[in-house]
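Dumped coords.json below, it's JSON, C-alpha atoms:
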[["chain", "number", "residue", "atom", "x", "y", "z"],
["A", 25, "MET", "CA", 97.04, 87.49, 24.37],
["A", 26, "LYS", "CA", 96.71, 84.12, 22.66],
["A", 27, "SER", "CA", 94.47, 85.63, 19.98],
["A", 28, "LEU", "CA", 96.96, 88.42, 19.39],
["A", 29, "LEU", "CA", 99.79, 85.89, 19.02],
["A", 30, "ILE", "CA", 97.84, 83.88, 16.46],
["A", 31, "LYS", "CA", 97.06, 87.01, 14.44],
["A", 32, "SER", "CA", 100.72, 88.04, 14.46],
["A", 33, "LEU", "CA", 101.84, 84.60, 13.27],
["A", 34, "LEU", "CA", 99.16, 84.17, 10.61],
["A", 35, "PRO", "CA", 101.01, 86.10, 7.85],
["A", 36, "LEU", "CA", 104.11, 84.00, 8.52],
["A", 37, "LEU", "CA", 102.12, 80.79, 8.34],
["A", 38, "LEU", "CA", 100.53, 81.81, 5.04],
["A", 39, "LEU", "CA", 103.92, 82.80, 3.65],
["A", 40, "SER", "CA", 105.36, 79.47, 4.78],
["A", 41, "LYS", "CA", 102.56, 77.60, 2.99],
["A", 42, "ALA", "CA", 103.15, 79.55, -0.23],
["A", 43, "SER", "CA", 106.90, 78.98, 0.00],
["A", 44, "CYS", "CA", 106.32, 75.27, 0.54],
["A", 45, "ALA", "CA", 104.27, 75.08, -2.67],
["A", 46, "ALA", "CA", 106.92, 77.00, -4.59],
["A", 47, "ASP", "CA", 109.71, 74.83, -3.19],
["A", 48, "SER", "CA", 107.89, 71.74, -4.43],
["A", 49, "LEU", "CA", 108.77, 72.82, -7.98],
["A", 50, "PRO", "CA", 112.40, 73.94, -7.59],
["A", 51, "SER", "CA", 113.48, 73.29, -11.18],
["A", 52, "TRP", "CA", 110.74, 75.57, -12.55],
["A", 53, "ASN", "CA", 111.42, 79.24, -13.21],
["A", 54, "ASP", "CA", 108.95, 81.62, -11.62],
["A", 55, "THR", "CA", 106.87, 82.02, -14.78],
["A", 56, "ALA", "CA", 103.17, 81.90, -15.64],
["A", 57, "SER", "CA", 103.28, 78.11, -16.16],
["A", 58, "LYS", "CA", 104.50, 77.40, -12.64],
["A", 59, "LYS", "CA", 102.03, 79.87, -11.15],
["A", 60, "ALA", "CA", 99.17, 78.25, -13.07],
["A", 61, "ILE", "CA", 100.00, 74.81, -11.65],
["A", 62, "VAL", "CA", 100.27, 76.07, -8.08],
["A", 63, "THR", "CA", 97.13, 78.22, -8.34],
["A", 64, "PHE", "CA", 95.08, 75.30, -9.64],
["A", 65, "VAL", "CA", 96.27, 72.90, -6.96],
["A", 66, "GLU", "CA", 95.67, 75.39, -4.17],
["A", 67, "LYS", "CA", 92.10, 76.21, -5.23],
["A", 68, "VAL", "CA", 90.97, 72.59, -5.70],
["A", 69, "THR", "CA", 92.48, 71.47, -2.39],
["A", 70, "LYS", "CA", 91.27, 74.34, -0.19],
["A", 71, "GLU", "CA", 88.28, 73.25, 1.85],
["A", 72, "GLY", "CA", 85.45, 75.74, 1.68],
["A", 73, "SER", "CA", 86.58, 76.98, -1.73],
["A", 74, "PRO", "CA", 83.92, 76.92, -4.49],
["A", 75, "ASP", "CA", 86.49, 74.99, -6.57],
["A", 76, "PHE", "CA", 87.25, 72.41, -3.86],
["A", 77, "VAL", "CA", 87.51, 68.85, -5.19],
["A", 78, "PRO", "CA", 87.28, 65.84, -2.84],
["A", 79, "VAL", "CA", 90.40, 63.65, -2.69],
["A", 80, "ALA", "CA", 88.66, 60.72, -4.41],
["A", 81, "GLU", "CA", 88.06, 62.90, -7.49],
["A", 82, "ARG", "CA", 91.57, 64.34, -7.76],
["A", 83, "ILE", "CA", 92.63, 62.40, -10.84],
["A", 84, "ALA", "CA", 95.54, 63.61, -12.99],
["A", 85, "THR", "CA", 96.60, 61.92, -16.22],
["A", 86, "PHE", "CA", 99.96, 62.24, -17.97],
["A", 87, "ASP", "CA", 101.16, 61.21, -21.37],
["A", 88, "ASN", "CA", 104.59, 59.57, -21.22],
["A", 89, "ASP", "CA", 106.54, 60.04, -24.47],
["A", 90, "GLY", "CA", 107.52, 63.70, -24.78],
["A", 91, "CYS", "CA", 105.64, 64.66, -21.62],
["A", 92, "LEU", "CA", 107.49, 62.77, -18.88],
["A", 93, "TRP", "CA", 110.60, 61.78, -20.83],
["A", 94, "SER", "CA", 112.15, 62.63, -24.19],
["A", 95, "GLU", "CA", 110.90, 61.08, -27.40],
["A", 96, "GLN", "CA", 113.44, 62.19, -30.00],
["A", 97, "PRO", "CA", 114.99, 61.16, -32.34],
["A", 98, "MET", "CA", 112.30, 58.47, -32.13],
["A", 99, "TYR", "CA", 110.07, 56.91, -29.49],
["A", 100, "PHE", "CA", 112.18, 55.04, -26.96],
["A", 101, "GLN", "CA", 110.09, 51.89, -27.33],
["A", 102, "ALA", "CA", 111.08, 51.90, -31.00],
["A", 103, "PHE", "CA", 114.72, 51.55, -29.93],
["A", 104, "PHE", "CA", 113.63, 48.55, -27.85],
["A", 105, "ILE", "CA", 111.78, 47.04, -30.82],
["A", 106, "PHE", "CA", 114.79, 47.47, -33.10],
["A", 107, "ASP", "CA", 117.10, 45.86, -30.56],
["A", 108, "ARG", "CA", 114.66, 42.95, -30.26],
["A", 109, "ILE", "CA", 114.61, 42.53, -34.04],
["A", 110, "LYS", "CA", 118.40, 42.27, -34.10],
["A", 111, "GLN", "CA", 118.34, 39.84, -31.18],
["A", 112, "LEU", "CA", 115.64, 37.62, -32.72],
["A", 113, "ALA", "CA", 116.92, 37.79, -36.33],
["A", 114, "PRO", "CA", 118.74, 34.40, -36.21],
["A", 115, "GLN", "CA", 115.36, 32.77, -35.46],
["A", 116, "HIS", "CA", 113.74, 34.55, -38.42],
["A", 117, "PRO", "CA", 116.05, 34.27, -41.46],
["A", 118, "GLY", "CA", 113.30, 35.63, -43.72],
["A", 119, "TRP", "CA", 113.51, 39.03, -42.03],
["A", 120, "LYS", "CA", 116.66, 39.95, -43.99],
["A", 121, "ASP", "CA", 114.52, 40.18, -47.14],
["A", 122, "LYS", "CA", 111.27, 41.43, -45.59],
["A", 123, "GLU", "CA", 110.45, 45.06, -44.86],
["A", 124, "PRO", "CA", 110.52, 46.82, -42.49],
["A", 125, "PHE", "CA", 112.68, 44.23, -40.73],
["A", 126, "ALA", "CA", 115.33, 44.23, -43.48],
["A", 127, "SER", "CA", 115.92, 47.97, -43.09],
["A", 128, "VAL", "CA", 116.31, 47.61, -39.33],
["A", 129, "LEU", "CA", 118.92, 44.90, -39.77],
["A", 130, "LYS", "CA", 120.76, 47.12, -42.26],
["A", 131, "GLY", "CA", 120.68, 50.05, -39.84],
["A", 132, "ASP", "CA", 118.47, 52.09, -42.15],
["A", 133, "ILE", "CA", 116.10, 53.47, -39.53],
["A", 134, "LYS", "CA", 114.54, 56.06, -41.85],
["A", 135, "SER", "CA", 113.37, 53.37, -44.27],
["A", 136, "ALA", "CA", 112.23, 51.14, -41.41],
["A", 137, "LEU", "CA", 109.94, 53.89, -40.16],
["A", 138, "ALA", "CA", 108.75, 54.94, -43.63],
["A", 139, "GLY", "CA", 105.65, 52.80, -43.16],
["A", 140, "GLY", "CA", 104.60, 54.93, -40.20],
["A", 141, "GLU", "CA", 102.50, 53.63, -37.36],
["A", 142, "HIS", "CA", 101.50, 50.48, -39.27],
["A", 143, "ALA", "CA", 105.13, 49.41, -39.71],
["A", 144, "LEU", "CA", 105.95, 50.09, -36.05],
["A", 145, "ILE", "CA", 102.93, 48.08, -34.90],
["A", 146, "GLU", "CA", 103.93, 45.19, -37.19],
["A", 147, "MET", "CA", 107.44, 45.16, -35.76],
["A", 148, "GLY", "CA", 106.12, 45.49, -32.22],
["A", 149, "MET", "CA", 103.80, 42.52, -32.50],
["A", 150, "ALA", "CA", 106.49, 40.39, -34.14],
["A", 151, "THR", "CA", 108.98, 41.10, -31.35],
["A", 152, "HIS", "CA", 106.63, 41.34, -28.35],
["A", 153, "ALA", "CA", 104.40, 38.30, -28.92],
["A", 154, "GLY", "CA", 104.99, 34.66, -28.06],
["A", 155, "THR", "CA", 106.36, 35.31, -24.58],
["A", 156, "THR", "CA", 104.57, 35.06, -21.27],
["A", 157, "THR", "CA", 103.90, 38.27, -19.38],
["A", 158, "GLU", "CA", 106.62, 37.33, -16.87],
["A", 159, "GLU", "CA", 109.14, 36.65, -19.64],
["A", 160, "PHE", "CA", 108.36, 39.94, -21.35],
["A", 161, "GLU", "CA", 108.70, 41.85, -18.08],
["A", 162, "LYS", "CA", 112.20, 40.44, -17.62],
["A", 163, "ILE", "CA", 113.14, 41.28, -21.22],
["A", 164, "VAL", "CA", 112.04, 44.90, -20.73],
["A", 165, "THR", "CA", 113.73, 45.16, -17.33],
["A", 166, "ASP", "CA", 117.03, 43.86, -18.69],
["A", 167, "TRP", "CA", 116.89, 46.28, -21.62],
["A", 168, "ILE", "CA", 115.85, 49.39, -19.72],
["A", 169, "THR", "CA", 118.68, 48.97, -17.20],
["A", 170, "THR", "CA", 121.36, 49.01, -19.90],
["A", 171, "ALA", "CA", 120.05, 50.71, -23.07],
["A", 172, "LYS", "CA", 121.30, 54.26, -23.64],
["A", 173, "HIS", "CA", 120.15, 57.26, -25.64],
["A", 174, "PRO", "CA", 122.18, 57.74, -28.87],
["A", 175, "LYS", "CA", 122.67, 61.49, -28.36],
["A", 176, "THR", "CA", 123.39, 61.81, -24.63],
["A", 177, "GLY", "CA", 124.78, 58.36, -23.84],
["A", 178, "ARG", "CA", 122.50, 58.33, -20.79],
["A", 179, "LEU", "CA", 120.16, 55.53, -19.80],
["A", 180, "PHE", "CA", 116.70, 56.12, -21.23],
["A", 181, "THR", "CA", 115.36, 56.24, -17.67],
["A", 182, "GLU", "CA", 117.69, 59.19, -17.02],
["A", 183, "MET", "CA", 116.08, 61.08, -19.89],
["A", 184, "VAL", "CA", 113.05, 61.92, -17.76],
["A", 185, "PHE", "CA", 112.00, 65.52, -17.17],
["A", 186, "GLN", "CA", 112.90, 66.68, -13.68],
["A", 187, "PRO", "CA", 110.26, 69.46, -13.68],
["A", 188, "MET", "CA", 107.53, 66.94, -14.49],
["A", 189, "ILE", "CA", 108.78, 64.53, -11.81],
["A", 190, "GLU", "CA", 108.30, 67.41, -9.40],
["A", 191, "VAL", "CA", 104.77, 68.03, -10.67],
["A", 192, "LEU", "CA", 103.90, 64.37, -10.09],
["A", 193, "SER", "CA", 105.22, 64.53, -6.53],
["A", 194, "TYR", "CA", 103.54, 67.88, -5.86],
["A", 195, "LEU", "CA", 100.17, 66.58, -7.00],
["A", 196, "ARG", "CA", 100.44, 63.39, -4.95],
["A", 197, "ALA", "CA", 101.42, 65.43, -1.90],
["A", 198, "ASN", "CA", 98.12, 67.26, -2.37],
["A", 199, "GLY", "CA", 95.91, 64.19, -2.56],
["A", 200, "PHE", "CA", 95.99, 63.54, -6.31],
["A", 201, "LYS", "CA", 96.16, 60.10, -7.86],
["A", 202, "THR", "CA", 98.46, 60.20, -10.88],
["A", 203, "PHE", "CA", 98.04, 58.01, -13.95],
["A", 204, "ILE", "CA", 100.08, 57.55, -17.12],
["A", 205, "VAL", "CA", 97.90, 57.46, -20.26],
["A", 206, "SER", "CA", 100.27, 56.71, -23.13],
["A", 207, "GLY", "CA", 100.27, 55.44, -26.68],
["A", 208, "GLY", "CA", 103.24, 53.30, -25.63],
["A", 209, "GLY", "CA", 102.87, 49.67, -24.69],
["A", 210, "ILE", "CA", 101.34, 49.12, -21.26],
["A", 211, "GLU", "CA", 103.55, 46.07, -20.59],
["A", 212, "PHE", "CA", 106.61, 47.97, -21.80],
["A", 213, "MET", "CA", 106.04, 50.70, -19.21],
["A", 214, "ARG", "CA", 104.94, 48.68, -16.20],
["A", 215, "PRO", "CA", 108.32, 47.14, -15.25],
["A", 216, "TRP", "CA", 110.05, 50.48, -14.62],
["A", 217, "VAL", "CA", 107.57, 53.36, -14.16],
["A", 218, "GLU", "CA", 107.08, 52.92, -10.42],
["A", 219, "ARG", "CA", 110.81, 53.22, -9.80],
["A", 220, "VAL", "CA", 111.20, 56.21, -12.11],
["A", 221, "TYR", "CA", 107.94, 58.13, -11.64],
["A", 222, "GLY", "CA", 106.49, 56.71, -8.42],
["A", 223, "ILE", "CA", 103.41, 55.52, -10.33],
["A", 224, "PRO", "CA", 102.41, 51.89, -9.64],
["A", 225, "PRO", "CA", 101.71, 49.49, -12.55],
["A", 226, "GLU", "CA", 97.96, 49.44, -11.91],
["A", 227, "GLN", "CA", 97.88, 53.19, -12.70],
["A", 228, "ILE", "CA", 99.34, 52.74, -16.19],
["A", 229, "ILE", "CA", 97.09, 52.91, -19.26],
["A", 230, "GLY", "CA", 98.69, 52.12, -22.60],
["A", 231, "SER", "CA", 98.38, 50.32, -25.89],
["A", 232, "SER", "CA", 98.26, 46.54, -25.64],
["A", 233, "ILE", "CA", 98.30, 43.30, -27.57],
["A", 234, "LYS", "CA", 95.98, 40.42, -26.74],
["A", 235, "THR", "CA", 96.94, 37.82, -24.18],
["A", 236, "LYS", "CA", 95.74, 34.26, -23.65],
["A", 237, "PHE", "CA", 95.63, 32.04, -20.59],
["A", 238, "GLU", "CA", 97.54, 28.76, -20.98],
["A", 239, "MET", "CA", 98.90, 25.92, -18.87],
["A", 240, "ARG", "CA", 102.61, 25.38, -19.53],
["A", 241, "ASP", "CA", 104.39, 22.57, -17.73],
["A", 242, "GLY", "CA", 101.53, 22.47, -15.28],
["A", 243, "GLN", "CA", 101.75, 26.19, -14.53],
["A", 244, "PRO", "CA", 99.17, 28.86, -15.46],
["A", 245, "VAL", "CA", 100.63, 31.65, -17.63],
["A", 246, "LEU", "CA", 99.43, 34.54, -19.75],
["A", 247, "VAL", "CA", 100.84, 34.38, -23.28],
["A", 248, "ARG", "CA", 101.15, 37.48, -25.45],
["A", 249, "LEU", "CA", 99.60, 37.13, -28.91],
["A", 250, "PRO", "CA", 100.50, 38.85, -32.22],
["A", 251, "GLU", "CA", 97.19, 40.71, -32.31],
["A", 252, "ILE", "CA", 96.32, 44.28, -31.32],
["A", 253, "ASN", "CA", 94.02, 44.61, -28.32],
["A", 254, "PHE", "CA", 93.79, 48.38, -27.80],
["A", 255, "VAL", "CA", 95.55, 51.48, -29.15],
["A", 256, "ASP", "CA", 95.73, 54.11, -26.42],
["A", 257, "ASP", "CA", 96.33, 57.15, -28.59],
["A", 258, "LYS", "CA", 94.31, 60.14, -29.80],
["A", 259, "ALA", "CA", 90.58, 59.33, -29.39],
["A", 260, "GLY", "CA", 91.58, 56.10, -27.68],
["A", 261, "LYS", "CA", 92.89, 57.96, -24.63],
["A", 262, "PRO", "CA", 89.53, 59.10, -23.21],
["A", 263, "VAL", "CA", 88.21, 55.59, -23.91],
["A", 264, "GLY", "CA", 91.13, 54.05, -22.03],
["A", 265, "ILE", "CA", 90.61, 56.46, -19.13],
["A", 266, "GLN", "CA", 86.95, 55.48, -18.86],
["A", 267, "MET", "CA", 87.75, 51.75, -19.06],
["A", 268, "HIS", "CA", 90.58, 51.77, -16.53],
["A", 269, "ILE", "CA", 89.77, 54.65, -14.17],
["A", 270, "GLY", "CA", 86.06, 55.29, -14.41],
["A", 271, "ARG", "CA", 86.46, 58.94, -13.40],
["A", 272, "ARG", "CA", 87.10, 61.93, -15.63],
["A", 273, "PRO", "CA", 90.44, 63.60, -14.77],
["A", 274, "ILE", "CA", 90.46, 67.11, -13.37],
["A", 275, "ALA", "CA", 93.99, 67.64, -14.72],
["A", 276, "ALA", "CA", 95.64, 66.34, -17.88],
["A", 277, "PHE", "CA", 99.19, 66.78, -19.17],
["A", 278, "GLY", "CA", 100.46, 66.06, -22.68],
["A", 279, "ASN", "CA", 102.78, 67.31, -25.41],
["A", 280, "SER", "CA", 101.35, 66.34, -28.78],
["A", 281, "ASP", "CA", 98.26, 66.13, -30.95],
["A", 282, "GLY", "CA", 97.99, 62.53, -29.79],
["A", 283, "ASP", "CA", 97.00, 63.92, -26.38],
["A", 284, "LEU", "CA", 94.46, 66.44, -27.66],
["A", 285, "GLN", "CA", 91.35, 64.31, -27.07],
["A", 286, "MET", "CA", 92.49, 63.52, -23.52],
["A", 287, "LEU", "CA", 92.81, 67.23, -22.77],
["A", 288, "GLN", "CA", 89.49, 68.01, -24.47],
["A", 289, "TRP", "CA", 87.78, 65.28, -22.42],
["A", 290, "THR", "CA", 89.27, 66.65, -19.22],
["A", 291, "ALA", "CA", 88.41, 70.27, -19.95],
["A", 292, "ALA", "CA", 84.80, 69.56, -20.97],
["A", 293, "SER", "CA", 83.56, 68.63, -17.50],
["A", 294, "LYS", "CA", 82.15, 71.06, -14.94],
["A", 295, "GLY", "CA", 84.23, 72.59, -12.20],
["A", 296, "ALA", "CA", 87.88, 73.58, -12.05],
["A", 297, "ARG", "CA", 89.93, 71.80, -14.69],
["A", 298, "PHE", "CA", 93.59, 72.08, -15.71],
["A", 299, "CYS", "CA", 95.15, 71.20, -19.06],
["A", 300, "LEU", "CA", 98.85, 71.58, -19.84],
["A", 301, "TYR", "CA", 100.95, 71.04, -22.94],
["A", 302, "VAL", "CA", 104.73, 70.63, -22.76],
["A", 303, "HIS", "CA", 106.10, 72.56, -25.75],
["A", 304, "HIS", "CA", 109.56, 71.40, -26.86],
["A", 305, "THR", "CA", 111.39, 74.68, -27.51],
["A", 306, "ASP", "CA", 114.92, 73.94, -26.29],
["A", 307, "ALA", "CA", 117.14, 72.70, -29.11],
["A", 308, "LYS", "CA", 120.28, 73.10, -27.00],
["A", 309, "ARG", "CA", 119.35, 71.17, -23.86],
["A", 310, "GLU", "CA", 116.79, 68.82, -25.43],
["A", 311, "PHE", "CA", 115.05, 69.11, -28.82],
["A", 312, "ALA", "CA", 112.96, 71.82, -30.50],
["A", 313, "TYR", "CA", 109.95, 70.66, -32.53],
["A", 314, "ASP", "CA", 106.20, 71.07, -32.85],
["A", 315, "ARG", "CA", 103.98, 71.51, -35.93],
["A", 316, "LYS", "CA", 106.01, 69.67, -38.57],
["A", 317, "SER", "CA", 107.60, 66.91, -36.51],
["A", 318, "SER", "CA", 106.90, 63.29, -37.44],
["A", 319, "ILE", "CA", 107.49, 62.40, -33.77],
["A", 320, "GLY", "CA", 105.35, 64.15, -31.16],
["A", 321, "ARG", "CA", 103.74, 66.64, -33.55],
["A", 322, "LEU", "CA", 102.05, 69.53, -31.74],
["A", 323, "ASP", "CA", 99.92, 71.41, -34.25],
["A", 324, "LYS", "CA", 96.16, 71.25, -33.65],
["A", 325, "GLY", "CA", 96.79, 70.93, -29.94],
["A", 326, "LEU", "CA", 98.86, 74.12, -29.86],
["A", 327, "ASP", "CA", 96.09, 76.04, -31.60],
["A", 328, "GLU", "CA", 93.45, 74.70, -29.25],
["A", 329, "ALA", "CA", 95.57, 75.41, -26.18],
["A", 330, "GLN", "CA", 95.93, 79.03, -27.25],
["A", 331, "ALA", "CA", 92.21, 79.31, -28.00],
["A", 332, "LYS", "CA", 91.08, 77.66, -24.76],
["A", 333, "GLY", "CA", 93.63, 79.25, -22.45],
["A", 334, "TRP", "CA", 95.34, 76.01, -21.51],
["A", 335, "THR", "CA", 98.81, 76.20, -19.99],
["A", 336, "VAL", "CA", 101.63, 75.77, -22.53],
["A", 337, "VAL", "CA", 105.06, 75.14, -21.03],
["A", 338, "ASP", "CA", 107.95, 76.75, -22.86],
["A", 339, "MET", "CA", 110.73, 74.30, -21.97],
["A", 340, "LYS", "CA", 113.50, 76.75, -22.81],
["A", 341, "ASN", "CA", 112.20, 79.54, -20.60],
["A", 342, "ASP", "CA", 110.07, 77.79, -17.98],
["A", 343, "TRP", "CA", 112.51, 75.08, -16.87],
["A", 344, "LYS", "CA", 115.78, 75.73, -15.04],
["A", 345, "ILE", "CA", 116.90, 72.20, -15.85],
["A", 346, "ILE", "CA", 115.45, 69.44, -17.99],
["A", 347, "TYR", "CA", 116.98, 66.20, -16.75],
["A", 348, "PRO", "CA", 117.76, 65.03, -13.20],
["A", 349, "PHE", "CA", 121.46, 64.67, -14.02],
["A", 350, "GLU", "CA", 121.78, 68.40, -14.71],
["A", 351, "LYS", "CA", 122.80, 70.80, -11.98],
["A", 352, "TRP", "CA", 120.96, 73.99, -11.23]]
structure tokens encoding of this file:
Amino acid sequence: MKSLLIKSLLPLLLLSKASCAADSLPSWNDTASKKAIVTFVEKVTKEGSPDFVPVAERIATFDNDGCLWSEQPMYFQAFFIFDRIKQLAPQHPGWKDKEPFASVLKGDIKSALAGGEHALIEMGMATHAGTTTEEFEKIVTDWITTAKHPKTGRLFTEMVFQPMIEVLSYLRANGFKTFIVSGGGIEFMRPWVERVYGIPPEQIIGSSIKTKFEMRDGQPVLVRLPEINFVDDKAGKPVGIQMHIGRRPIAAFGNSDGDLQMLQWTAASKGARFCLYVHHTDAKREFAYDRKSSIGRLDKGLDEAQAKGWTVVDMKNDWKIIYPFEKW
């Protein structure tokens, strides 16, 4: 009798488990992208499966800009840098005649960014260095709690992607450890990512400037220096993963060519692996861009994803909503 009861309930239990997985991603439409995520998680977490992966090896890495939150019309940390330039300008009178600082102070953002990555790094070091790590954390915290996106008028921390927040939670609920691996500044992200994404600061990998130990007023501090320490972008991402994690991810999520090497590194190992690109296709609800964009370009990565069978999320068709403040 007991055996008969168990057999009769088994289909319901299996259905319940499948529904639970589906309900973990409520802002995703029932498309191939959602099914690919669920299928991968189920096969690597099912004991006895040939694709089973022990909990200790369930590492998932995520880019931040354009993957977990928006990055247009320019990287959000660039807005922070420009605000810092304006704030610090009285202490640097020479900036009004020196590029790219002069263009920022004039409000000419296009000219300020004309120098590309080099110009942004120069401005970042000039505005991020000289403070202690504690001072910089407070500066970032104060800014991120008030600064708003120029298009939506929302706080930058509200411009996160609800579907990706759900993926993070879904993975953690299934024994994964989630890491951010971003070209953005590691100390810029650390003050707010745990509150927004549920990822603690020790699981953040990013670009960094050098720091130096000092005694100030009898107290030990770490002082940020105007010198690049590590650039966590492109080929730097697998290097950063090895330095900070020491395990190759079994899942990697990105949105641009800057993430390509991280996805290649993840896919190259043996066993079940999952690589996903977020493709920005929704000009109405967010932004539409890929191959020709100067911010978050997805060109080589899109070709490789198609060739290798990686999952490519079509934001317009795969996501019911984009931001948490939307209703679905």
Practice problem: Using only C-alpha atoms, pick whichever of A:Pro124, A:Thr151, A:Ser57, A:Asp241 has the shortest atom-to-atom distance to Gly139 (chain A). | Solution: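 Nearest candidate to Gly139 (chain A) out of A:Pro124, A:Thr151, A:Ser57, A:Asp241: A:Pro124.
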Self-check item: Polymer residues at most 6 Å from Pro273 (chain A), only C-alpha atoms, same-chain spacing of 6 or more positions, as a PyMOL selection string
Solution: chain A and resi 83-84+290
Quiz prompt | Shell around region 183-187 of chain A at 7 Å using only C-alpha atoms, local window under 3 positions removed, as a VMD selection string | solution = chain A and resid 49 51 to 52 92 to 94 179 to 180 190 to 191 343 346 to 348
Find the residues near region 231-236 of chain A: any atom within 10 Å, counting all atoms listed in the file, skip ones fewer than 2 places away on the same chain, and give them as an mmCIF file with C-alpha atoms, keeping the file's coordinate frame.
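Written out: part_1.cif:
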data_model
loop_
_atom_site.group_PDB
_atom_site.id
_atom_site.type_symbol
_atom_site.label_atom_id
_atom_site.label_comp_id
_atom_site.auth_asym_id
_atom_site.auth_seq_id
_atom_site.Cartn_x
_atom_site.Cartn_y
_atom_site.Cartn_z
ATOM 1 C CA ILE A 145 102.930 48.080 -34.900
ATOM 2 C CA GLY A 148 106.120 45.490 -32.220
ATOM 3 C CA MET A 149 103.800 42.520 -32.500
ATOM 4 C CA HIS A 152 106.630 41.340 -28.350
ATOM 5 C CA ALA A 153 104.400 38.300 -28.920
ATOM 6 C CA GLY A 154 104.990 34.660 -28.060
ATOM 7 C CA THR A 155 106.360 35.310 -24.580
ATOM 8 C CA THR A 156 104.570 35.060 -21.270
ATOM 9 C CA THR A 157 103.900 38.270 -19.380
ATOM 10 C CA VAL A 205 97.900 57.460 -20.260
ATOM 11 C CA SER A 206 100.270 56.710 -23.130
ATOM 12 C CA GLY A 207 100.270 55.440 -26.680
ATOM 13 C CA GLY A 208 103.240 53.300 -25.630
ATOM 14 C CA GLY A 209 102.870 49.670 -24.690
ATOM 15 C CA ILE A 210 101.340 49.120 -21.260
ATOM 16 C CA GLU A 211 103.550 46.070 -20.590
ATOM 17 C CA PHE A 212 106.610 47.970 -21.800
ATOM 18 C CA ILE A 229 97.090 52.910 -19.260
ATOM 19 C CA GLU A 238 97.540 28.760 -20.980
ATOM 20 C CA VAL A 245 100.630 31.650 -17.630
ATOM 21 C CA LEU A 246 99.430 34.540 -19.750
ATOM 22 C CA VAL A 247 100.840 34.380 -23.280
ATOM 23 C CA ARG A 248 101.150 37.480 -25.450
ATOM 24 C CA LEU A 249 99.600 37.130 -28.910
ATOM 25 C CA PRO A 250 100.500 38.850 -32.220
ATOM 26 C CA GLU A 251 97.190 40.710 -32.310
ATOM 27 C CA ILE A 252 96.320 44.280 -31.320
ATOM 28 C CA ASN A 253 94.020 44.610 -28.320
ATOM 29 C CA PHE A 254 93.790 48.380 -27.800
ATOM 30 C CA VAL A 255 95.550 51.480 -29.150
ATOM 31 C CA ASP A 256 95.730 54.110 -26.420
ATOM 32 C CA ASP A 257 96.330 57.150 -28.590
ATOM 33 C CA GLY A 260 91.580 56.100 -27.680
ATOM 34 C CA LYS A 261 92.890 57.960 -24.630
ATOM 35 C CA GLY A 264 91.130 54.050 -22.030
#
Practice problem: Tell me, as a VMD selection string, which residues lie within 12 Å of region 167-171 of chain A, counting all atoms listed in the file; anything in the same chain fewer than 4 positions away does not count. | Solution: chain A and resid 100 to 101 103 to 108 111 160 to 163 176 to 183 212 to 217 219 to 220
Quiz item: Smallest atom-to-atom distance to Gly320 (chain A): which of A:Met98, A:Leu112, A:Leu144, A:Ile345, using all atoms listed in the file?
Solution: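 Under the stated criterion, the closest residue is A:Met98.
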Practice problem: Please indicate the distance in Å from CA of Asp54 (chain A) to CA of Asp342 (chain A), rounded to one decimal place. | Solution: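 So the answer is 7.5 Å.
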Around all of region 242-250 of chain A's listed atoms, make the axis-aligned box with 4 Å on each side and tell me centre and edge lengths in Å to one decimal, as JSON.
{"center_x": 100.5, "center_y": 30.7, "center_z": -23.4, "size_x": 10.6, "size_y": 24.4, "size_z": 25.7}
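The space separating CA of Glu310 (chain A) from CA of Ser135 (chain A) comes to 24.6 Å.
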Self-check item: Counting all atoms listed in the file, the option among A:Ser48, A:Ser318, A:Thr85, A:Ser73 closest to Gly278 (chain A)
Solution: A:Thr85
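Proximity of A:Cys91, A:Val68, A:Ile228, A:Ile223 to Leu300 (chain A), computed with only C-alpha atoms, is greatest for A:Cys91.
The coordinates place CA of Gly230 (chain A) at 24.8 Å from CA of Lys316 (chain A).
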Quiz item: What lies within 7 Å of Lys324 (chain A) using all atoms listed in the file, ignoring chain neighbours under 3 positions off, as a PyMOL selection string?
Solution: chain A and resi 281+327-328
Quiz item: Between A:Ala296, A:Asn53, A:Ala102, A:Asp314, which is the closest to Lys340 (chain A) once you count all atoms listed in the file?
Solution: A:Asn53
Practice problem: Rank A:Met286, A:Glu226, A:His173, A:Val302 by their smallest atom-to-atom distance to Gln266 (chain A), using only C-alpha atoms, and report the top residue only. | Solution: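 For Gln266 (chain A), the nearest of the candidates is A:Met286.
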